[in-house]
Amino acid sequence: MTPPTSNLTIPNLLSGLRIASIPVLLILAWKGEVRLYLVCLGISLSTDLLDGLLARLLNQRTELGAKLDQWGDAGVFLSLPVALWWLWPEVLRSEGWFILAVIASYAGSASFAKWKFGRPASYHTW
């Protein structure tokens, strides 16, 4: 099987769907639609599981796909604190120190990778 000649692939469409879900997730959280938010988040996270698997199985790996995957991951995970604050502020308040430690840990490792390699770290391995 040869690599795709176009960037219009199933894995790239799934990553694009995840990116498109970010404003939807934020709107649902802002409106307090807990069940719809959780369903949409579940679909979004499922596309994250499927895009890489399908890229390998269908031999549809592209450089754009790797970037779309990273952008989708970053966007969804950066939207989580905002959405969680709107949906469950009391939980965030009670777990604030733990959440700050997780954010600081992630920001520290991402900053170190950017400093050392000149680009964000990529953990897309099989």
# chains A, B, ... in the order shown; residues from 1 in each chain; ligands from 1
$ residues_around --residues "Leu14 (chain A)" --least-positions-apart "4" --cutoff "7 Å" --atoms "only C-alpha atoms" --output "JSON, numbers by chain"
{"A": [10, 18, 47, 51]}
$ write_last_selection --atoms "N, CA and C atoms" --output "tab-separated table (two decimals), in the first residue's frame"
chain	number	residue	atom	x	y	z
A	10	ILE	N	-9.18	9.76	5.98
A	10	ILE	CA	-10.09	9.49	7.10
A	10	ILE	C	-9.47	9.94	8.42
A	18	ARG	N	-12.30	16.54	15.65
A	18	ARG	CA	-11.94	16.83	17.04
A	18	ARG	C	-11.67	18.32	17.22
A	47	THR	N	-12.31	9.99	18.71
A	47	THR	CA	-11.62	10.30	17.45
A	47	THR	C	-10.12	10.34	17.66
A	51	ASP	N	-7.94	8.05	15.11
A	51	ASP	CA	-7.21	8.65	13.99
A	51	ASP	C	-5.83	8.02	13.78
$ residues_around --residues "region 30-42 of chain A" --least-positions-apart "4" --cutoff "7 Å" --atoms "only C-alpha atoms" --output "ChimeraX atom specification"
/A:25-26,46,83,86-87
$ write_last_selection --atoms "N, CA, C and O atoms" --output "short mmCIF file (atom, residue, chain, number, x, y, z; two decimals), in the first residue's frame"
data_model
loop_
_atom_site.label_atom_id
_atom_site.label_comp_id
_atom_site.auth_asym_id
_atom_site.auth_seq_id
_atom_site.Cartn_x
_atom_site.Cartn_y
_atom_site.Cartn_z
N LEU A 25 -17.83 21.98 22.47
CA LEU A 25 -17.65 21.59 23.87
C LEU A 25 -17.76 22.79 24.79
O LEU A 25 -18.42 22.73 25.84
N LEU A 26 -17.12 23.89 24.41
CA LEU A 26 -17.15 25.09 25.26
C LEU A 26 -18.56 25.68 25.35
O LEU A 26 -18.99 26.10 26.43
N SER A 46 -12.79 9.74 21.45
CA SER A 46 -12.78 8.54 20.60
C SER A 46 -12.10 8.79 19.27
O SER A 46 -11.39 7.92 18.75
N ALA A 83 -14.18 24.40 30.65
CA ALA A 83 -15.46 23.70 30.66
C ALA A 83 -15.76 23.14 32.05
O ALA A 83 -16.89 23.24 32.54
N TRP A 86 -16.97 25.83 34.38
CA TRP A 86 -18.37 26.21 34.15
C TRP A 86 -19.33 25.13 34.65
O TRP A 86 -20.42 25.44 35.12
N LEU A 87 -18.94 23.87 34.52
CA LEU A 87 -19.85 22.78 34.87
C LEU A 87 -19.77 22.39 36.35
O LEU A 87 -20.79 22.11 36.97
#
$ atom_distance --atom1 "CA of Phe77 (chain A)" --atom2 "CA of Gln60 (chain A)"
24.9 Å
$ closest_residue --among "A:Ile43, A:Leu54, A:Ile27, A:Ile99" --to "Pro81 (chain A)" --atoms "only C-alpha atoms"
A:Ile99
$ atom_distance --atom1 "CA of Ile19 (chain A)" --atom2 "CA of Ala74 (chain A)"
9.2 Å
$ closest_residue --among "A:Ala29, A:Gly108, A:Asp48, A:Ile103" --to "Leu78 (chain A)" --atoms "only C-alpha atoms"
A:Ile103
